[in-house]
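Visitor: My structure is stored as upload13.txt, with compact mmCIF, C-alpha atoms.
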# COMPACT_ATOMS: atom_id res chain seq x y z
CA MET A 1 9.01 -121.82 -26.43
CA ALA A 2 5.96 -123.82 -25.32
CA ARG A 3 5.82 -121.92 -22.05
CA ALA A 4 6.08 -118.57 -23.87
CA GLY A 5 3.28 -119.58 -26.24
CA ALA A 6 1.07 -120.64 -23.35
CA THR A 7 1.75 -117.33 -21.60
CA ARG A 8 0.78 -115.36 -24.71
CA THR A 9 -2.39 -117.42 -25.11
CA ALA A 10 -3.33 -116.89 -21.46
CA SER A 11 -2.66 -113.16 -21.84
CA ARG A 12 -4.93 -112.94 -24.90
CA ILE A 13 -7.71 -114.81 -23.09
CA ALA A 14 -7.37 -112.54 -20.05
CA SER A 15 -7.47 -109.48 -22.32
CA ARG A 16 -10.66 -110.73 -24.00
CA VAL A 17 -12.28 -111.38 -20.62
CA ALA A 18 -11.38 -107.88 -19.40
CA SER A 19 -12.67 -106.35 -22.65
CA ARG A 20 -15.97 -108.23 -22.41
CA LEU A 21 -16.46 -107.32 -18.77
CA GLY A 22 -15.55 -103.71 -19.54
CA ARG A 23 -18.19 -103.44 -22.28
CA LEU A 24 -20.72 -105.14 -20.02
CA ALA A 25 -19.95 -102.63 -17.28
CA LEU A 26 -20.31 -99.65 -19.64
CA HIS A 27 -23.65 -101.04 -20.84
CA ARG A 28 -25.02 -101.52 -17.32
CA GLN A 29 -23.70 -98.11 -16.35
CA GLY A 30 -25.68 -96.50 -19.15
CA LEU A 31 -22.63 -95.21 -21.02
CA LEU A 32 -23.02 -96.94 -24.39
CA GLN A 33 -26.34 -95.51 -25.51
CA ARG A 34 -27.90 -92.10 -25.70
CA ALA A 35 -30.66 -92.32 -23.07
CA PRO A 36 -30.74 -95.83 -21.60
CA PHE A 37 -32.65 -94.76 -18.50
CA GLY A 38 -34.99 -92.31 -20.19
CA ARG A 39 -35.11 -88.58 -19.77
CA GLY A 40 -35.63 -86.03 -17.03
CA LEU A 41 -36.93 -86.87 -13.57
CA ALA A 42 -38.04 -90.43 -14.36
CA GLY A 43 -34.72 -91.14 -16.07
CA ALA A 44 -32.77 -89.83 -13.06
CA ARG A 45 -34.75 -92.09 -10.73
CA ARG A 46 -34.15 -95.17 -12.91
CA ALA A 47 -30.46 -94.31 -13.22
CA ILE A 48 -29.97 -94.17 -9.44
CA GLU A 49 -31.87 -97.43 -9.00
CA GLN A 50 -29.65 -99.11 -11.60
CA LEU A 51 -26.36 -97.63 -10.39
CA GLY A 52 -27.21 -98.25 -6.72
CA TYR A 53 -25.88 -94.87 -5.57
CA VAL A 54 -24.66 -91.51 -6.82
CA GLN A 55 -21.76 -90.03 -4.86
CA ILE A 56 -22.12 -86.56 -3.35
CA ASP A 57 -19.11 -84.29 -3.48
CA THR A 58 -18.59 -80.64 -2.61
CA ILE A 59 -15.98 -79.78 -5.26
CA SER A 60 -17.54 -77.40 -7.76
CA VAL A 61 -14.78 -76.77 -10.31
CA VAL A 62 -17.42 -78.07 -12.73
CA SER A 63 -20.79 -79.65 -11.89
CA ARG A 64 -20.73 -81.38 -8.52
CA ALA A 65 -20.28 -85.15 -8.75
CA HIS A 66 -23.90 -86.18 -8.07
CA ASP A 67 -25.16 -83.88 -10.82
CA HIS A 68 -22.35 -84.69 -13.24
CA VAL A 69 -22.94 -88.46 -13.00
CA LEU A 70 -26.60 -88.01 -13.92
CA GLN A 71 -25.94 -85.36 -16.57
CA ALA A 72 -23.68 -87.87 -18.35
CA ARG A 73 -26.50 -90.44 -18.53
CA VAL A 74 -29.87 -88.69 -18.46
CA PRO A 75 -30.81 -86.13 -21.13
CA GLY A 76 -32.87 -83.34 -19.65
CA TYR A 77 -31.54 -83.85 -16.11
CA ARG A 78 -31.48 -80.74 -13.90
CA PRO A 79 -29.88 -80.39 -10.44
CA ASP A 80 -33.25 -79.68 -8.76
CA MET A 81 -34.43 -83.16 -9.74
CA LEU A 82 -32.41 -84.81 -6.95
CA ASP A 83 -34.19 -82.55 -4.48
CA ARG A 84 -37.53 -83.64 -5.92
CA LEU A 85 -36.63 -87.32 -5.80
CA GLN A 86 -35.60 -86.92 -2.17
CA ALA A 87 -38.74 -84.96 -1.26
CA ASP A 88 -40.94 -87.54 -3.03
CA GLY A 89 -39.38 -90.43 -1.10
CA HIS A 90 -37.50 -92.10 -3.96
CA VAL A 91 -33.94 -91.50 -2.74
CA PHE A 92 -32.26 -90.82 0.58
CA GLU A 93 -28.88 -89.50 1.59
CA TYR A 94 -26.49 -91.74 3.45
CA TRP A 95 -23.15 -93.50 3.09
CA ALA A 96 -22.18 -95.92 0.34
CA HIS A 97 -18.37 -95.91 0.19
CA ALA A 98 -18.78 -92.14 0.63
CA ALA A 99 -21.67 -89.72 1.04
CA ALA A 100 -24.27 -90.61 -1.58
CA TYR A 101 -27.85 -90.58 -2.76
CA LEU A 102 -29.27 -94.11 -2.64
CA PRO A 103 -32.64 -95.64 -3.63
CA LEU A 104 -34.99 -95.50 -0.65
CA ARG A 105 -35.92 -99.13 -1.30
CA ASP A 106 -32.40 -100.01 -0.03
CA TYR A 107 -32.79 -98.19 3.29
CA ARG A 108 -32.58 -101.32 5.44
CA PHE A 109 -29.19 -102.17 3.95
CA ALA A 110 -27.81 -98.96 5.40
CA ARG A 111 -28.64 -100.30 8.86
CA PRO A 112 -25.43 -102.32 9.36
CA HIS A 113 -23.38 -99.15 8.90
CA MET A 114 -25.72 -97.14 11.12
CA ASP A 115 -25.58 -99.77 13.86
CA ALA A 116 -21.78 -99.91 13.65
CA MET A 117 -21.68 -96.11 14.01
CA ARG A 118 -23.95 -96.22 17.04
CA ALA A 119 -21.80 -98.94 18.64
CA ARG A 120 -18.59 -96.97 17.86
CA GLN A 121 -17.25 -99.97 15.92
CA THR A 122 -15.62 -97.75 13.30
CA ARG A 123 -12.88 -95.16 13.44
CA TRP A 124 -15.33 -92.50 12.27
CA VAL A 125 -16.64 -90.74 15.38
CA ARG A 126 -17.76 -87.12 15.29
CA SER A 127 -19.15 -86.80 18.82
CA ARG A 128 -19.00 -88.78 22.05
CA ASP A 129 -21.03 -86.24 23.99
CA GLY A 130 -24.22 -88.16 24.72
CA ARG A 131 -25.79 -85.28 26.65
CA LEU A 132 -25.27 -82.87 23.75
CA MET A 133 -26.66 -85.36 21.23
CA ARG A 134 -29.80 -85.84 23.34
CA ARG A 135 -30.31 -82.07 23.52
CA VAL A 136 -29.79 -81.69 19.75
CA LEU A 137 -32.21 -84.55 19.10
CA ASP A 138 -34.77 -83.02 21.47
CA ARG A 139 -34.59 -79.72 19.58
CA VAL A 140 -35.20 -81.40 16.23
CA ARG A 141 -38.07 -83.37 17.75
CA ALA A 142 -39.65 -80.24 19.19
CA GLU A 143 -38.93 -77.72 16.42
CA GLY A 144 -38.91 -79.80 13.23
CA PRO A 145 -36.20 -79.85 10.53
CA LEU A 146 -33.05 -77.94 11.51
CA GLN A 147 -29.69 -77.03 9.98
CA THR A 148 -26.32 -76.55 11.63
CA ARG A 149 -26.76 -72.77 11.49
CA ASP A 150 -29.82 -73.14 13.72
CA PHE A 151 -27.34 -74.02 16.47
CA GLU A 152 -25.19 -70.91 16.08
CA ALA A 153 -25.06 -68.50 18.99
CA PRO A 154 -27.51 -65.59 18.52
CA ALA A 155 -26.00 -62.33 17.30
CA GLY A 156 -24.30 -60.41 20.09
CA ARG A 157 -24.21 -63.38 22.45
CA ARG A 158 -21.16 -65.46 23.19
CA SER A 159 -21.34 -69.21 22.78
CA SER A 160 -22.76 -70.99 25.81
CA GLY A 161 -21.10 -74.37 25.43
CA TRP A 162 -23.53 -76.81 23.85
CA TRP A 163 -25.06 -73.99 21.78
CA ASP A 164 -21.76 -73.54 19.97
CA TRP A 165 -22.26 -74.65 16.38
CA LYS A 166 -19.12 -76.77 16.05
CA PRO A 167 -19.96 -79.30 18.79
CA ALA A 168 -23.60 -79.20 17.65
CA LYS A 169 -22.56 -79.84 14.05
CA HIS A 170 -20.53 -82.84 15.14
CA ALA A 171 -23.49 -84.09 17.17
CA LEU A 172 -25.82 -83.69 14.17
CA GLU A 173 -23.43 -85.64 11.97
CA GLN A 174 -23.04 -88.39 14.57
CA LEU A 175 -26.82 -88.68 14.94
CA PHE A 176 -27.18 -88.77 11.16
CA MET A 177 -24.55 -91.44 10.67
CA GLN A 178 -26.04 -93.68 13.35
CA GLY A 179 -29.53 -93.31 11.91
CA ASP A 180 -31.18 -91.19 14.60
CA LEU A 181 -31.57 -88.33 12.12
CA MET A 182 -32.04 -88.21 8.35
CA VAL A 183 -31.04 -85.56 5.85
CA VAL A 184 -34.27 -84.39 4.25
CA GLY A 185 -32.79 -81.81 1.90
CA ARG A 186 -30.20 -79.10 1.57
CA ALA A 187 -30.29 -75.32 1.64
CA GLY A 188 -27.48 -74.37 -0.68
CA PHE A 189 -25.18 -77.20 0.31
CA GLN A 190 -26.06 -77.22 4.01
CA LYS A 191 -27.88 -80.30 5.26
CA ILE A 192 -31.37 -80.15 6.77
CA TYR A 193 -31.99 -82.82 9.43
CA ASP A 194 -35.21 -84.40 10.69
CA LEU A 195 -36.37 -87.53 12.51
CA PRO A 196 -36.61 -90.70 10.38
CA GLU A 197 -40.12 -91.45 11.68
CA ARG A 198 -41.30 -88.15 10.20
CA VAL A 199 -39.64 -88.85 6.86
CA LEU A 200 -39.78 -92.54 5.99
CA PRO A 201 -42.95 -93.82 4.29
CA ALA A 202 -44.73 -96.51 6.31
CA GLU A 203 -44.00 -99.17 3.68
CA VAL A 204 -40.21 -98.79 3.92
CA ASP A 205 -38.57 -101.78 5.58
CA THR A 206 -36.32 -100.50 8.36
CA SER A 207 -35.36 -103.89 9.85
CA ALA A 208 -31.67 -104.76 10.02
CA PRO A 209 -30.72 -107.46 7.48
CA SER A 210 -28.94 -110.62 8.48
CA LEU A 211 -25.31 -110.90 7.43
CA ASP A 212 -26.27 -113.30 4.63
CA ASP A 213 -29.03 -110.98 3.39
CA TYR A 214 -26.63 -108.07 3.44
CA ALA A 215 -24.02 -110.04 1.46
CA ARG A 216 -26.59 -111.10 -1.16
CA HIS A 217 -27.83 -107.51 -1.49
CA LEU A 218 -24.31 -106.23 -2.15
CA ILE A 219 -23.76 -108.91 -4.79
CA GLU A 220 -27.08 -108.14 -6.48
CA ARG A 221 -26.42 -104.41 -6.44
CA GLN A 222 -22.92 -104.79 -7.84
CA SER A 223 -24.13 -107.21 -10.52
CA ALA A 224 -26.93 -104.86 -11.59
CA ALA A 225 -24.62 -101.85 -11.75
CA MET A 226 -21.62 -103.46 -13.45
CA GLY A 227 -22.85 -106.73 -14.93
CA PHE A 228 -20.61 -108.74 -12.62
CA ALA A 229 -19.47 -108.80 -9.01
CA THR A 230 -16.16 -109.28 -7.25
CA ALA A 231 -15.75 -109.86 -3.55
CA ARG A 232 -13.46 -106.84 -3.26
CA ALA A 233 -15.92 -104.49 -4.97
CA CYS A 234 -18.83 -105.71 -2.83
CA VAL A 235 -17.08 -104.99 0.47
CA TYR A 236 -15.30 -101.83 -0.67
CA GLN A 237 -15.07 -99.44 2.32
CA ARG A 238 -17.32 -101.69 4.42
CA GLN A 239 -15.99 -103.03 7.70
CA THR A 240 -18.93 -105.09 9.01
CA PRO A 241 -17.41 -108.05 10.90
CA GLY A 242 -17.73 -111.26 8.91
CA LEU A 243 -19.00 -109.52 5.77
CA ARG A 244 -16.02 -110.39 3.59
CA GLU A 245 -16.43 -114.09 4.35
CA ALA A 246 -20.21 -113.94 3.87
CA VAL A 247 -19.81 -112.32 0.44
CA ALA A 248 -17.18 -114.87 -0.64
CA ASP A 249 -19.41 -117.75 0.49
CA ALA A 250 -22.48 -116.30 -1.28
CA LEU A 251 -20.58 -115.78 -4.53
CA GLU A 252 -19.26 -119.32 -4.45
CA ALA A 253 -22.74 -120.68 -3.71
CA GLU A 254 -24.13 -118.79 -6.73
CA ARG A 255 -21.37 -120.24 -8.89
CA ALA A 256 -21.95 -123.77 -7.61
CA GLN A 257 -25.64 -123.51 -8.48
CA GLY A 258 -24.89 -122.23 -11.97
CA ARG A 259 -26.41 -118.82 -11.52
CA LEU A 260 -23.04 -117.09 -11.85
CA THR A 261 -19.96 -117.91 -13.89
CA ALA A 262 -16.51 -117.29 -12.41
CA VAL A 263 -13.83 -115.79 -14.65
CA SER A 264 -10.34 -114.53 -13.87
CA LEU A 265 -9.84 -110.81 -14.21
CA PRO A 266 -6.20 -109.68 -14.39
CA THR A 267 -5.31 -106.89 -12.00
CA PRO A 268 -2.39 -104.45 -11.95
CA GLY A 269 0.70 -106.14 -10.59
CA GLY A 270 0.10 -109.43 -12.40
CA ARG A 271 -2.35 -110.89 -9.93
CA GLU A 272 -5.84 -112.08 -10.78
CA GLU A 273 -9.22 -111.41 -9.23
CA THR A 274 -12.26 -113.62 -9.64
CA ALA A 275 -15.27 -111.94 -11.21
CA TYR A 276 -18.72 -113.53 -11.08
CA ALA A 277 -21.12 -112.75 -13.90
CA ASP A 278 -24.49 -113.94 -15.12
CA PRO A 279 -23.67 -116.51 -17.85
CA ALA A 280 -26.20 -115.07 -20.31
CA ALA A 281 -24.87 -111.53 -19.80
CA LEU A 282 -21.30 -112.70 -20.16
CA GLU A 283 -21.95 -114.57 -23.39
CA GLY A 284 -24.33 -112.00 -24.85
CA ARG A 285 -23.34 -108.94 -26.78
CA ALA A 286 -23.58 -105.46 -25.34
CA PRO A 287 -25.31 -102.92 -27.59
CA PRO A 288 -22.97 -101.30 -30.09
CA ALA A 289 -21.29 -98.19 -28.78
CA GLN A 290 -22.56 -95.08 -30.45
CA GLY A 291 -20.03 -92.73 -32.02
CA ARG A 292 -20.22 -90.24 -29.19
CA ALA A 293 -18.04 -89.13 -26.32
CA ARG A 294 -18.69 -88.39 -22.68
CA VAL A 295 -16.70 -86.34 -20.21
CA LEU A 296 -17.20 -88.05 -16.86
CA SER A 297 -16.93 -86.93 -13.27
CA PRO A 298 -13.80 -87.94 -11.33
CA PHE A 299 -16.25 -89.58 -8.91
CA ASP A 300 -18.24 -91.40 -11.59
CA ASN A 301 -19.40 -94.87 -10.57
CA VAL A 302 -17.36 -96.52 -13.30
CA MET A 303 -14.17 -94.71 -12.25
CA ILE A 304 -14.31 -94.65 -8.47
CA ARG A 305 -12.45 -97.94 -7.92
CA ARG A 306 -9.20 -97.09 -9.61
CA GLN A 307 -7.78 -100.62 -9.69
CA LEU A 308 -10.92 -102.02 -11.30
CA ALA A 309 -10.87 -99.29 -13.96
CA ARG A 310 -7.28 -100.23 -14.77
CA SER A 311 -8.22 -103.90 -15.06
CA LEU A 312 -11.28 -103.34 -17.24
CA PHE A 313 -10.21 -100.45 -19.45
CA GLY A 314 -6.43 -100.20 -19.20
CA PHE A 315 -6.98 -96.67 -17.93
CA ASP A 316 -5.01 -95.56 -14.89
CA TYR A 317 -7.01 -92.62 -13.55
CA GLN A 318 -6.18 -90.40 -10.60
CA LEU A 319 -7.81 -87.13 -9.60
CA GLU A 320 -4.83 -84.82 -9.30
CA CYS A 321 -6.32 -82.08 -7.13
CA TYR A 322 -5.10 -84.26 -4.25
CA VAL A 323 -1.59 -84.48 -5.75
CA PRO A 324 1.07 -81.80 -5.07
CA ALA A 325 1.20 -79.36 -7.98
CA ALA A 326 4.77 -80.30 -8.95
CA ARG A 327 3.74 -83.96 -9.42
CA ARG A 328 0.61 -83.39 -11.52
CA ARG A 329 0.72 -84.85 -15.02
CA PHE A 330 -2.67 -83.88 -16.42
CA GLY A 331 -3.93 -80.97 -14.32
CA TYR A 332 -5.73 -80.00 -11.12
CA PHE A 333 -9.21 -81.25 -12.05
CA CYS A 334 -8.76 -83.65 -14.93
CA LEU A 335 -11.89 -85.50 -16.08
CA PRO A 336 -11.94 -88.89 -17.86
CA VAL A 337 -12.92 -88.81 -21.55
CA LEU A 338 -14.83 -91.82 -22.91
CA TYR A 339 -15.13 -92.20 -26.70
CA ARG A 340 -17.42 -95.00 -27.86
CA ASP A 341 -16.33 -97.82 -25.50
CA HIS A 342 -12.75 -96.70 -24.81
CA PHE A 343 -11.27 -94.22 -22.36
CA VAL A 344 -9.04 -92.16 -24.60
CA GLY A 345 -7.81 -89.36 -22.37
CA ARG A 346 -8.67 -86.68 -19.87
CA VAL A 347 -9.43 -83.00 -19.81
CA ASP A 348 -8.43 -80.43 -17.20
CA CYS A 349 -11.08 -77.74 -17.08
CA LYS A 350 -12.77 -75.12 -14.94
CA ALA A 351 -16.18 -73.47 -15.14
CA HIS A 352 -15.95 -69.69 -14.74
CA ARG A 353 -19.64 -69.25 -14.03
CA ARG A 354 -19.67 -65.48 -13.61
CA GLU A 355 -18.08 -65.13 -17.03
CA ARG A 356 -20.18 -68.03 -18.36
CA ARG A 357 -17.01 -69.55 -19.76
CA LEU A 358 -15.75 -73.14 -19.60
CA GLU A 359 -11.96 -73.06 -19.68
CA ILE A 360 -10.35 -76.15 -21.21
CA ILE A 361 -6.88 -75.80 -19.76
CA ARG A 362 -5.50 -78.97 -21.29
CA LEU A 363 -7.04 -81.81 -23.28
CA THR A 364 -4.83 -84.88 -23.31
CA VAL A 365 -5.61 -87.69 -25.72
CA GLU A 366 -3.73 -90.37 -23.88
CA HIS A 367 -4.42 -93.28 -26.21
CA PRO A 368 -4.45 -91.91 -29.79
CA GLU A 369 -4.18 -95.51 -31.06
CA ARG A 370 -7.73 -96.04 -29.81
CA LEU A 371 -8.99 -93.40 -32.22
CA PRO A 372 -9.86 -94.11 -35.88
CA ARG A 373 -7.19 -93.44 -38.47
CA ASP A 374 -9.13 -90.32 -39.37
CA PRO A 375 -9.41 -88.51 -36.02
CA ALA A 376 -12.03 -86.01 -37.19
CA PRO A 377 -15.13 -87.98 -36.01
CA ALA A 378 -13.56 -88.53 -32.59
CA CYS A 379 -12.56 -84.87 -32.31
CA ASP A 380 -16.09 -83.86 -33.26
CA ALA A 381 -17.59 -86.21 -30.65
CA ILE A 382 -15.26 -84.99 -27.90
CA ALA A 383 -16.02 -81.38 -28.81
CA VAL A 384 -19.77 -82.06 -28.55
CA ALA A 385 -19.21 -83.63 -25.13
CA LEU A 386 -17.27 -80.54 -24.02
CA ALA A 387 -20.06 -78.30 -25.31
CA GLU A 388 -22.59 -80.36 -23.34
CA LEU A 389 -20.42 -80.00 -20.23
CA ALA A 390 -20.37 -76.24 -20.79
CA SER A 391 -24.17 -76.16 -21.05
CA HIS A 392 -24.52 -78.16 -17.82
CA ASN A 393 -22.41 -75.49 -16.15
CA ALA A 394 -24.38 -72.58 -17.62
CA CYS A 395 -21.37 -71.55 -19.72
CA CYS A 396 -21.83 -69.98 -23.13
CA ASP A 397 -18.22 -70.05 -24.27
CA LEU A 398 -15.64 -72.81 -24.63
CA ASP A 399 -12.06 -71.63 -24.21
CA LEU A 400 -9.58 -74.30 -25.38
CA HIS A 401 -5.90 -73.70 -24.57
CA GLN A 402 -3.78 -76.79 -25.07
CA VAL A 403 -4.17 -80.18 -26.76
CA ALA A 404 -1.79 -83.11 -26.58
CA PRO A 405 -0.52 -84.68 -28.74
CA THR A 406 0.06 -81.53 -30.76
CA HIS A 407 -1.08 -82.99 -34.11
CA LEU A 408 -4.62 -83.05 -32.71
CA HIS A 409 -4.58 -79.40 -31.67
CA ASP A 410 -5.89 -77.85 -34.88
CA PRO A 411 -8.61 -80.52 -35.50
CA MET A 412 -9.81 -80.12 -31.91
CA VAL A 413 -9.85 -76.31 -32.10
CA ARG A 414 -11.98 -76.49 -35.26
CA ALA A 415 -14.29 -79.12 -33.72
CA VAL A 416 -14.74 -77.14 -30.50
CA HIS A 417 -15.47 -73.96 -32.42
CA HIS A 418 -18.11 -75.77 -34.49
CA ALA A 419 -19.70 -77.55 -31.52
CA ASN A 420 -19.88 -74.34 -29.51
CA ARG A 421 -21.50 -72.51 -32.41
CA GLU A 422 -24.04 -75.27 -33.09
CA ARG A 423 -25.30 -75.97 -29.57
CA PRO A 424 -28.69 -74.56 -28.57
Re-express the file's structure as structure tokens.
Guide:
Amino acid sequence: MARAGATRTASRIASRVASRLGRLALHRQGLLQRAPFGRGLAGARRAIEQLGYVQIDTISVVSRAHDHVLQARVPGYRPDMLDRLQADGHVFEYWAHAAAYLPLRDYRFARPHMDAMRARQTRWVRSRDGRLMRRVLDRVRAEGPLQTRDFEAPAGRRSSGWWDWKPAKHALEQLFMQGDLMVVGRAGFQKIYDLPERVLPAEVDTSAPSLDDYARHLIERQSAAMGFATARACVYQRQTPGLREAVADALEAERAQGRLTAVSLPTPGGREETAYADPAALEGRAPPAQGRARVLSPFDNVMIRRQLARSLFGFDYQLECYVPAARRRFGYFCLPVLYRDHFVGRVDCKAHRRERRLEIIRLTVEHPERLPRDPAPACDAIAVALAELASHNACCDLDLHQVAPTHLHDPMVRAVHHANRERP
């Protein structure tokens, strides 16, 4: 009996820790308040600086990931604003755990990955043809910014080896990943490459950080973005030799000096992970969650590490477009739905832009117990979030097909109809 009581007590404590860290993460991520970063261009810049990166993705079933992440946090955001931030030298495109826009102030901390690419210390290699890469680099140096299509064979002429766009494209990507070229913009979704020395402002620090500096930067970035840091999150998709040990040592040093508090975060499978948080942030109260909902990108910063999302929010999310159709539970492109400070379900949808119609194929409220006894306010909030998503995708109409559980179908249909009629 005593052991069972102790287990229940430990479970309650762990649940409270996860809940507190989850609310702290939502606050730092800008998902508890209406416009925590401000509006428009300035708000988008502050959001990227706070989040540390915004992932780029090519899937366009609804807004692409980099736009969707900012639309969910920054009122008045428009897709052209990322282009302006890049042109004005506030963000640059490189690799976080995936292709991303990052604050230009963090450029030097991309150097370890660039240097590893140049030294072929990773499994990612697009080109080993040094002669071709030199010729591609010479062309960019002589002609200015170029795209992959600038390396296509002229009309009516057969490819002449190095002029063939596929090897040239691989060479461009290799040069980009190892830091010899930068992406300075996109035409449509095609990258435009130029030399870093023609792009980077003189005040940008391009020196390679020491391993300890790199570890401290990752901890600071993770702490700013989520309110806490874990060793696993800091080194996620990073293979720099010795980095894992350097991060663990730096976290422990911060704890020993009292600047961070270590708490145990339960993880799926019954194991625990140590999270390190600022004591004041951990003990303080996050702002109250407003009674609104957000439909997030599958690649949203708060969702991208699936195990962490399960630990913090009890929400097991998987993007099912990568799952065989017969094994999908929620739909091809299901998006997480956040209501107040709880993830309550997901919505499978598609923007039919020519018809200016957002099709809601299936809305699944996965945790109805997290909704108030009267579901009307939650239904209204979710409907407003869907209407906002439609507006971001230039869709005039919302077309709702299926709602689960079924007792929420009629309230959601009414709420969606009202929200669609009331939006500007």
Visitor: Excluding Leu338 in chain A and its own-chain neighbours fewer than 4 positions away, which residues fall within 12 Å of it when counting only C-alpha atoms? Please give them as a PyMOL selection string.
Guide: chain A and resi 26+31-32+72+289-297+300+302-303+313+315+342-347+365-367+370-371+378-379+381-382+385-386
Visitor: Go through A:Arg255, A:Arg120, A:His217, A:Arg423 one by one, measure the shortest atom-to-atom distance of each to Ser391 in chain A using all atoms listed in the file, and give the residue with the smallest value.
Guide: A:Arg423
Visitor: Can you pull out every residue within 9 Å of Arg20 in chain A, counting all atoms listed in the file, but drop anything in the same chain fewer than 3 positions away, and send it as a PyMOL selection string?
Guide: chain A and resi 15-17+23-25+282-283+285-286+312
Visitor: Would you work out the distance separating CA of Gly43 in chain A from CA of Asn301 in chain A, expressed in Å to one decimal?
Guide: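 Here the two named atoms are 16.7 Å from each other.
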Visitor: If we count all atoms listed in the file, what is near range 135-143 of chain A at a cut-off of 8 Å, once residues fewer than 2 positions away on the same chain are taken out, given as a list in words?
Guide: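 Here the qualifying residues turn out to be Arg131, Leu132, Met133, Pro145, Leu146, Ala168, Ala171, Leu172, Leu175, Leu181, Tyr193, Asp194 and Leu195 of chain A.
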Visitor: What separation in Å, quoted to one decimal, exists between CA of Thr58 in chain A and CA of Gln318 in chain A?
Guide: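 Between these atoms lies a distance of 17.7 Å.
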Visitor: Please, can range 396-407 of chain A be completed to N, CA, C and O atoms and returned as a short mmCIF file (atom, residue, chain, number, x, y, z; two decimals), keeping the file's coordinate frame?
Guide:
data_model
loop_
_atom_site.label_atom_id
_atom_site.label_comp_id
_atom_site.auth_asym_id
_atom_site.auth_seq_id
_atom_site.Cartn_x
_atom_site.Cartn_y
_atom_site.Cartn_z
N CYS A 396 -21.54 -70.24 -21.72
CA CYS A 396 -21.83 -69.98 -23.13
C CYS A 396 -20.61 -70.22 -24.02
O CYS A 396 -20.75 -70.56 -25.20
N ASP A 397 -19.43 -70.01 -23.46
CA ASP A 397 -18.22 -70.05 -24.27
C ASP A 397 -17.32 -71.21 -23.84
O ASP A 397 -17.22 -71.54 -22.66
N LEU A 398 -16.67 -71.79 -24.85
CA LEU A 398 -15.64 -72.81 -24.63
C LEU A 398 -14.29 -72.19 -24.97
O LEU A 398 -14.11 -71.66 -26.07
N ASP A 399 -13.37 -72.27 -24.04
CA ASP A 399 -12.06 -71.63 -24.21
C ASP A 399 -11.00 -72.72 -24.13
O ASP A 399 -10.62 -73.16 -23.05
N LEU A 400 -10.54 -73.19 -25.30
CA LEU A 400 -9.58 -74.30 -25.38
C LEU A 400 -8.17 -73.76 -25.50
O LEU A 400 -7.86 -72.99 -26.42
N HIS A 401 -7.28 -74.19 -24.58
CA HIS A 401 -5.90 -73.70 -24.57
C HIS A 401 -4.92 -74.68 -25.21
O HIS A 401 -4.21 -74.33 -26.15
N GLN A 402 -4.87 -75.89 -24.69
CA GLN A 402 -3.78 -76.79 -25.07
C GLN A 402 -4.33 -78.18 -25.35
O GLN A 402 -5.22 -78.67 -24.65
N VAL A 403 -3.79 -78.82 -26.39
CA VAL A 403 -4.17 -80.18 -26.76
C VAL A 403 -2.90 -80.99 -26.93
O VAL A 403 -1.92 -80.53 -27.54
N ALA A 404 -2.90 -82.19 -26.39
CA ALA A 404 -1.79 -83.11 -26.58
C ALA A 404 -2.36 -84.47 -27.03
O ALA A 404 -3.39 -84.89 -26.52
N PRO A 405 -1.71 -85.12 -28.01
CA PRO A 405 -0.52 -84.68 -28.74
C PRO A 405 -0.83 -83.51 -29.67
O PRO A 405 -1.97 -83.28 -30.04
N THR A 406 0.22 -82.81 -30.06
CA THR A 406 0.06 -81.53 -30.76
C THR A 406 -0.61 -81.68 -32.13
O THR A 406 -1.24 -80.74 -32.60
N HIS A 407 -0.49 -82.86 -32.78
CA HIS A 407 -1.08 -82.99 -34.11
C HIS A 407 -2.61 -82.98 -34.05
O HIS A 407 -3.26 -82.81 -35.09
#
